[in-house]
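Structure file my_file.tsv (TSV, C-alpha atoms) is printed below.
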```
chain	number	residue	atom	x	y	z
V	1	ASP	CA	95.04	98.33	112.70
V	2	THR	CA	95.39	96.25	109.58
V	3	GLY	CA	98.75	97.48	108.35
V	4	VAL	CA	99.76	99.43	105.28
V	5	SER	CA	97.12	99.28	102.58
V	6	GLN	CA	97.76	99.89	98.88
V	7	ASN	CA	95.26	100.26	96.05
V	8	PRO	CA	94.83	99.11	93.42
V	9	ARG	CA	96.79	95.88	93.79
V	10	HIS	CA	97.07	95.46	90.04
V	11	LYS	CA	96.83	97.98	87.24
V	12	ILE	CA	97.13	97.30	83.52
V	13	THR	CA	97.29	100.36	81.32
V	14	LYS	CA	98.26	101.40	77.84
V	15	ARG	CA	101.37	103.41	77.17
V	16	GLY	CA	100.71	107.11	77.48
V	17	GLN	CA	97.93	106.83	80.03
V	18	ASN	CA	98.11	108.26	83.54
V	19	VAL	CA	97.85	106.04	86.61
V	20	THR	CA	97.49	106.80	90.30
V	21	PHE	CA	98.25	104.58	93.28
V	22	ARG	CA	97.07	105.14	96.80
V	23	CYS	CA	98.74	104.19	100.06
V	24	ASP	CA	97.16	104.25	103.49
V	25	PRO	CA	99.87	103.93	106.13
V	26	ILE	CA	99.56	102.56	109.62
V	27	SER	CA	97.86	105.21	111.70
V	28	GLU	CA	100.21	107.42	113.71
V	29	HIS	CA	103.13	106.54	111.44
V	30	ASN	CA	104.48	109.92	110.44
V	31	ARG	CA	106.89	108.70	107.76
V	32	LEU	CA	105.76	107.30	104.46
V	33	TYR	CA	107.97	105.92	101.71
V	34	TRP	CA	107.48	104.92	98.08
V	35	TYR	CA	109.71	102.31	96.49
V	36	ARG	CA	109.75	100.61	93.10
V	37	GLN	CA	110.69	96.98	92.68
V	38	THR	CA	111.35	95.19	89.41
V	39	LEU	CA	111.83	91.47	88.94
V	40	GLY	CA	115.03	90.22	90.51
V	41	GLN	CA	115.86	93.54	92.11
V	42	GLY	CA	115.59	95.03	95.55
V	43	PRO	CA	113.28	97.90	96.37
V	44	GLU	CA	114.49	101.14	94.81
V	45	PHE	CA	113.81	104.34	96.70
V	46	LEU	CA	111.52	106.88	95.03
V	47	THR	CA	110.49	109.39	97.67
V	48	TYR	CA	109.54	109.85	101.27
V	49	PHE	CA	107.37	112.07	103.45
V	50	GLN	CA	107.49	113.12	107.04
V	51	ASN	CA	103.93	114.09	107.84
V	52	GLU	CA	102.81	116.11	104.81
V	53	ALA	CA	106.27	117.31	103.83
V	54	GLN	CA	108.05	115.55	100.98
V	55	LEU	CA	111.60	115.48	102.32
V	56	GLU	CA	113.48	113.62	99.64
V	57	LYS	CA	113.04	112.50	96.06
V	58	SER	CA	115.24	110.13	94.14
V	59	ARG	CA	117.07	111.55	91.17
V	60	LEU	CA	115.68	108.56	89.32
V	61	LEU	CA	112.19	109.98	89.73
V	62	SER	CA	111.38	111.67	86.45
V	63	ASP	CA	109.07	114.65	86.09
V	64	ARG	CA	106.32	112.23	85.09
V	65	PHE	CA	106.17	110.97	88.66
V	66	SER	CA	104.54	112.98	91.42
V	67	ALA	CA	103.63	112.07	94.96
V	68	GLU	CA	101.50	113.81	97.52
V	69	ARG	CA	100.54	113.28	101.10
V	70	PRO	CA	97.85	115.82	101.93
V	71	LYS	CA	97.19	116.25	105.63
V	72	GLY	CA	99.94	113.79	106.44
V	73	SER	CA	97.71	110.74	106.18
V	74	PHE	CA	97.29	108.74	102.96
V	75	SER	CA	99.57	109.29	99.99
V	76	THR	CA	99.15	109.09	96.23
V	77	LEU	CA	101.73	108.34	93.58
V	78	GLU	CA	100.81	109.47	90.08
V	79	ILE	CA	102.62	108.48	86.93
V	80	GLN	CA	101.81	110.54	83.87
V	81	ARG	CA	102.25	109.42	80.28
V	82	THR	CA	103.25	105.92	81.32
V	83	GLU	CA	106.02	104.09	79.47
V	84	GLN	CA	106.69	100.38	79.28
V	85	GLY	CA	109.72	100.89	81.48
V	86	ASP	CA	107.42	101.99	84.28
V	87	SER	CA	106.13	98.43	84.63
V	88	ALA	CA	107.05	97.38	88.16
V	89	MET	CA	105.74	96.77	91.64
V	90	TYR	CA	105.24	100.02	93.51
V	91	LEU	CA	105.71	99.55	97.23
V	92	CYS	CA	104.58	101.82	100.02
V	93	ALA	CA	105.99	101.64	103.52
V	94	SER	CA	105.44	103.58	106.69
V	95	SER	CA	107.53	104.08	109.77
V	96	PRO	CA	106.67	105.31	113.24
V	97	PRO	CA	108.15	108.44	114.79
V	98	ARG	CA	111.68	107.89	115.98
V	99	ALA	CA	112.31	107.84	119.69
V	100	GLY	CA	115.59	109.42	120.72
V	101	VAL	CA	118.44	108.21	118.57
V	102	GLY	CA	116.78	104.92	117.79
V	103	THR	CA	115.30	104.07	114.45
V	104	GLY	CA	112.17	102.30	113.45
V	105	GLU	CA	111.85	99.79	110.72
V	106	LEU	CA	109.72	100.04	107.63
V	107	PHE	CA	106.29	98.42	107.50
V	108	PHE	CA	105.45	97.54	103.92
V	109	GLY	CA	102.20	97.17	102.07
V	110	GLU	CA	101.69	94.37	99.58
V	111	GLY	CA	102.39	96.64	96.66
V	112	SER	CA	100.65	97.81	93.52
V	113	ARG	CA	101.72	96.02	90.37
V	114	LEU	CA	101.74	98.15	87.23
V	115	THR	CA	101.82	96.68	83.75
V	116	VAL	CA	102.18	99.09	80.86
V	117	LEU	CA	101.27	97.62	77.49
K	1	ALA	CA	126.81	107.30	100.57
K	2	GLN	CA	125.27	104.15	101.94
K	3	SER	CA	124.78	100.86	100.14
K	4	VAL	CA	124.58	97.14	100.68
K	5	THR	CA	125.84	94.28	98.58
K	6	GLN	CA	124.32	90.84	98.81
K	7	LEU	CA	126.61	88.11	97.58
K	8	GLY	CA	124.76	85.37	95.79
K	9	SER	CA	121.44	86.07	94.15
K	10	HIS	CA	120.38	82.44	94.64
K	11	VAL	CA	121.18	80.12	97.52
K	12	SER	CA	120.02	76.51	97.82
K	13	VAL	CA	120.25	74.48	101.01
K	14	SER	CA	118.91	71.14	102.11
K	15	GLU	CA	116.20	71.03	104.74
K	16	GLY	CA	117.89	70.96	108.13
K	17	ALA	CA	121.14	72.48	106.85
K	18	LEU	CA	122.70	75.78	107.87
K	19	VAL	CA	121.44	78.87	106.10
K	20	LEU	CA	123.99	81.63	105.44
K	21	LEU	CA	123.02	84.70	103.44
K	22	ARG	CA	125.72	87.31	102.99
K	23	CYS	CA	125.45	91.07	103.21
K	24	ASN	CA	128.20	93.68	103.18
K	25	TYR	CA	127.51	97.32	103.75
K	26	SER	CA	129.12	100.61	102.94
K	27	SER	CA	128.45	103.59	105.13
K	28	SER	CA	130.38	106.69	106.08
K	29	VAL	CA	128.66	106.84	109.46
K	30	PRO	CA	127.52	104.14	111.88
K	31	PRO	CA	124.69	102.37	110.11
K	32	TYR	CA	121.48	100.74	111.10
K	33	LEU	CA	121.11	97.40	109.34
K	34	PHE	CA	118.07	95.30	108.57
K	35	TRP	CA	117.08	92.01	107.04
K	36	TYR	CA	113.68	91.74	105.41
K	37	VAL	CA	111.96	88.68	103.98
K	38	GLN	CA	109.49	88.59	101.11
K	39	TYR	CA	107.32	85.54	100.58
K	40	PRO	CA	105.68	85.08	97.18
K	41	ASN	CA	102.92	87.60	96.51
K	42	GLN	CA	103.43	89.25	99.89
K	43	GLY	CA	104.95	92.48	101.13
K	44	LEU	CA	108.34	92.70	102.78
K	45	GLN	CA	108.44	92.00	106.48
K	46	LEU	CA	111.17	92.65	108.99
K	47	LEU	CA	113.26	89.70	110.14
K	48	LEU	CA	115.66	91.57	112.40
K	49	LYS	CA	117.50	94.84	112.83
K	50	TYR	CA	120.78	96.14	114.23
K	51	THR	CA	120.72	99.58	115.79
K	52	SER	CA	124.07	99.80	117.60
K	53	ALA	CA	123.14	97.72	120.63
K	54	ALA	CA	124.26	94.09	120.76
K	55	THR	CA	126.25	92.99	117.71
K	56	LEU	CA	124.49	89.62	117.58
K	57	VAL	CA	120.87	90.20	116.74
K	58	LYS	CA	118.15	87.59	117.00
K	59	GLY	CA	115.08	87.81	114.83
K	60	ILE	CA	111.94	85.93	114.06
K	61	ASN	CA	111.70	82.33	112.86
K	62	GLY	CA	115.09	81.38	114.33
K	63	PHE	CA	117.16	83.75	112.21
K	64	GLU	CA	120.04	85.80	113.58
K	65	ALA	CA	122.68	88.13	112.21
K	66	GLU	CA	125.98	89.42	113.49
K	67	PHE	CA	127.26	92.93	112.90
K	68	LYS	CA	131.00	92.88	112.20
K	69	LYS	CA	132.39	96.37	111.80
K	70	SER	CA	135.87	95.18	110.85
K	71	GLU	CA	134.42	93.20	107.96
K	72	THR	CA	131.56	95.63	107.19
K	73	SER	CA	129.29	92.64	107.19
K	74	PHE	CA	125.87	91.70	108.49
K	75	HIS	CA	125.36	88.09	107.41
K	76	LEU	CA	122.09	86.30	108.13
K	77	THR	CA	122.14	82.77	109.52
K	78	LYS	CA	119.80	80.05	110.68
K	79	PRO	CA	121.10	76.76	112.09
K	80	SER	CA	118.51	74.53	110.45
K	81	ALA	CA	116.54	75.39	107.33
K	82	HIS	CA	112.82	74.66	107.07
K	83	MET	CA	110.82	74.39	103.89
K	84	SER	CA	108.86	77.45	105.00
K	85	ASP	CA	112.06	79.54	104.86
K	86	ALA	CA	111.99	79.55	101.05
K	87	ALA	CA	111.63	83.22	100.14
K	88	GLU	CA	113.49	86.29	98.93
K	89	TYR	CA	115.71	87.97	101.51
K	90	PHE	CA	116.81	91.59	101.40
K	91	CYS	CA	119.49	93.33	103.39
K	92	ALA	CA	119.03	97.06	103.97
K	93	VAL	CA	121.06	99.91	105.48
K	94	SER	CA	119.80	103.11	107.01
K	95	VAL	CA	121.48	106.16	108.44
K	96	ALA	CA	119.54	107.60	111.35
K	97	GLY	CA	116.40	106.02	110.02
K	98	ASN	CA	115.82	108.67	107.39
K	99	GLN	CA	116.63	106.74	104.27
K	100	PHE	CA	116.76	103.03	103.62
K	101	TYR	CA	118.83	101.38	100.88
K	102	PHE	CA	118.17	97.79	99.88
K	103	GLY	CA	120.34	95.13	98.33
K	104	THR	CA	119.33	93.23	95.23
K	105	GLY	CA	118.09	90.28	97.24
K	106	THR	CA	118.92	86.61	97.69
K	107	SER	CA	116.44	83.94	96.73
K	108	LEU	CA	116.58	81.03	99.16
K	109	THR	CA	115.51	77.58	97.99
K	110	VAL	CA	115.15	74.78	100.52
K	111	ILE	CA	115.52	71.30	99.11
K	112	PRO	CA	113.57	68.52	100.86
```
Please rewrite the model in this file as structure tokens.
Amino acid sequence: DTGVSQNPRHKITKRGQNVTFRCDPISEHNRLYWYRQTLGQGPEFLTYFQNEAQLEKSRLLSDRFSAERPKGSFSTLEIQRTEQGDSAMYLCASSPPRAGVGTGELFFGEGSRLTVL
Amino acid sequence: AQSVTQLGSHVSVSEGALVLLRCNYSSSVPPYLFWYVQYPNQGLQLLLKYTSAATLVKGINGFEAEFKKSETSFHLTKPSAHMSDAAEYFCAVSVAGNQFYFGTGTSLTVIP
């Protein structure tokens, strides 16, 4: 297994356009997370899935953002009508099923960098 | 609510000197705590984690961290800095592994 894969790695778009990012998690990881990271800041939670169910969304996630994880495998994050403030690195992470009361860590992809002109 | 605060957005140490990166957490329930490292143009990778076992946790590359409940701290240390340790370091807190909250990061510079 080669780890969490994100595509595209870089995306430059004009304001108002729609963009979609894809994340392929580590196989058999049932949890998948999306984070946003801007320069000088830590990763900011956007949403997460357990299998195909979207269990939590950040209140910071506007209606222009939507995420899906059909069949509990890969996930997509779509941003509609992009704004310059959406420029950031979008990180995907996956986590294996928890065993007992223990907790697994997050395994991150290398991110998808979005630049909105 | 859970959160972490990293004191010092930039830390510089000389090669061979002690590395100390500070992290304080806030959690209403016993937390799980993590340190991640991010090298330039790479994804975040786990350095170490505390999950209510031993309070002194050893991680990769010679790093360790000590969970101190009385001080709500989880500071990261390394006895002797290497040039290859230059990176961004993030502290994170999780409750039951469902949600992870990250600090704003500390950029470590190692001076030759």
**OP:** Using only C-alpha atoms, find the residues of chain K whose closest atom to chain V is at most 6 Å away, then write them as a PyMOL selection string.
**Re:** chain K and resi 42-44+97+102-105
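The spacing separating CA of Thr72 in chain K from CA of Ser94 in chain K amounts to 13.9 Å.
Using all atoms listed in the file for every distance, the candidate list K:Lys69, K:Lys78, K:Lys58, K:Lys49 yields K:Lys49 as the residue closest to Ala92 in chain K.
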Original post:
Which residues, written as an NGL selection string, have at least one atom at most 7 Å from Ser3 in chain K, with all atoms listed in the file counted and residues fewer than 3 positions away on the same chain left out?
Top reply: :K and (25-27 or 93 or 101)
Restricting the output to C-alpha atoms, write the selected residues as an mmCIF file, in the frame of the given file.
```cif
data_model
loop_
_atom_site.group_PDB
_atom_site.id
_atom_site.type_symbol
_atom_site.label_atom_id
_atom_site.label_comp_id
_atom_site.auth_asym_id
_atom_site.auth_seq_id
_atom_site.Cartn_x
_atom_site.Cartn_y
_atom_site.Cartn_z
ATOM 1 C CA TYR K 25 127.510 97.320 103.750
ATOM 2 C CA SER K 26 129.120 100.610 102.940
ATOM 3 C CA SER K 27 128.450 103.590 105.130
ATOM 4 C CA VAL K 93 121.060 99.910 105.480
ATOM 5 C CA TYR K 101 118.830 101.380 100.880
#
```
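With all atoms listed in the file as the atoms that count, the minimum distance from Gln2 in chain K to the choices K:Ala81, K:Leu47, K:Leu108, K:Val29 is reached by K:Val29.
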Subject >> Coordinates-based distance that separates CA of Arg59 in chain V from CA of Asn7 in chain V (Å, one decimal) >> reply: 25.0 Å
Write out as AutoDock Vina command-line options an axis-aligned box for range 38-51 of chain V: all of its atoms listed in the file, 5 Å added on each side, centre and edge lengths in Å with one decimal.
```
--center_x 109.9 --center_y 102.2 --center_z 98.4 --size_x 21.9 --size_y 33.9 --size_z 28.9
```
Ser73 in chain K: which residues within 9 Å, counting all atoms listed in the file, same-chain residues fewer than 5 positions away excluded, as a PDB file with C-alpha atoms, in the frame of the given file?
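Writing done, so here's around.pdb:
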```pdb
ATOM      1  CA  ARG K  22     125.720  87.310 102.990  1.00  0.00           C
ATOM      2  CA  CYS K  23     125.450  91.070 103.210  1.00  0.00           C
ATOM      3  CA  ASN K  24     128.200  93.680 103.180  1.00  0.00           C
ATOM      4  CA  TYR K  25     127.510  97.320 103.750  1.00  0.00           C
ATOM      5  CA  GLU K  66     125.980  89.420 113.490  1.00  0.00           C
ATOM      6  CA  PHE K  67     127.260  92.930 112.900  1.00  0.00           C
ATOM      7  CA  LYS K  68     131.000  92.880 112.200  1.00  0.00           C
TER       8      LYS K  68
END
```
Please fill the gaps in range 106-117 of chain V so it has N, CA and C atoms, and write that as a PDB file, keeping the file's coordinate frame.
```
ATOM      1  N   LEU V 106     110.770  99.762 108.590  1.00  0.00           N
ATOM      2  CA  LEU V 106     109.720 100.040 107.630  1.00  0.00           C
ATOM      3  C   LEU V 106     108.666  98.940 107.677  1.00  0.00           C
ATOM      4  N   PHE V 107     107.409  99.358 107.603  1.00  0.00           N
ATOM      5  CA  PHE V 107     106.290  98.420 107.500  1.00  0.00           C
ATOM      6  C   PHE V 107     105.732  98.555 106.087  1.00  0.00           C
ATOM      7  N   PHE V 108     105.791  97.486 105.332  1.00  0.00           N
ATOM      8  CA  PHE V 108     105.450  97.540 103.920  1.00  0.00           C
ATOM      9  C   PHE V 108     104.017  97.097 103.651  1.00  0.00           C
ATOM     10  N   GLY V 109     103.424  97.692 102.634  1.00  0.00           N
ATOM     11  CA  GLY V 109     102.200  97.170 102.070  1.00  0.00           C
ATOM     12  C   GLY V 109     102.519  96.054 101.100  1.00  0.00           C
ATOM     13  N   GLU V 110     101.493  95.492 100.496  1.00  0.00           N
ATOM     14  CA  GLU V 110     101.690  94.370  99.580  1.00  0.00           C
ATOM     15  C   GLU V 110     102.032  94.826  98.171  1.00  0.00           C
ATOM     16  N   GLY V 111     101.960  96.108  97.945  1.00  0.00           N
ATOM     17  CA  GLY V 111     102.390  96.640  96.660  1.00  0.00           C
ATOM     18  C   GLY V 111     101.277  96.784  95.644  1.00  0.00           C
ATOM     19  N   SER V 112     101.550  97.626  94.664  1.00  0.00           N
ATOM     20  CA  SER V 112     100.650  97.810  93.520  1.00  0.00           C
ATOM     21  C   SER V 112     101.444  97.475  92.267  1.00  0.00           C
ATOM     22  N   ARG V 113     100.975  96.455  91.564  1.00  0.00           N
ATOM     23  CA  ARG V 113     101.720  96.020  90.370  1.00  0.00           C
ATOM     24  C   ARG V 113     101.195  96.746  89.144  1.00  0.00           C
ATOM     25  N   LEU V 114     102.099  97.406  88.437  1.00  0.00           N
ATOM     26  CA  LEU V 114     101.740  98.150  87.230  1.00  0.00           C
ATOM     27  C   LEU V 114     102.284  97.429  86.010  1.00  0.00           C
ATOM     28  N   THR V 115     101.418  97.207  85.048  1.00  0.00           N
ATOM     29  CA  THR V 115     101.820  96.680  83.750  1.00  0.00           C
ATOM     30  C   THR V 115     101.423  97.672  82.685  1.00  0.00           C
ATOM     31  N   VAL V 116     102.417  98.133  81.944  1.00  0.00           N
ATOM     32  CA  VAL V 116     102.180  99.090  80.860  1.00  0.00           C
ATOM     33  C   VAL V 116     102.334  98.368  79.534  1.00  0.00           C
ATOM     34  N   LEU V 117     101.253  98.342  78.768  1.00  0.00           N
ATOM     35  CA  LEU V 117     101.270  97.620  77.490  1.00  0.00           C
ATOM     36  C   LEU V 117     101.727  98.522  76.343  1.00  0.00           C
TER      37      LEU V 117
END
```
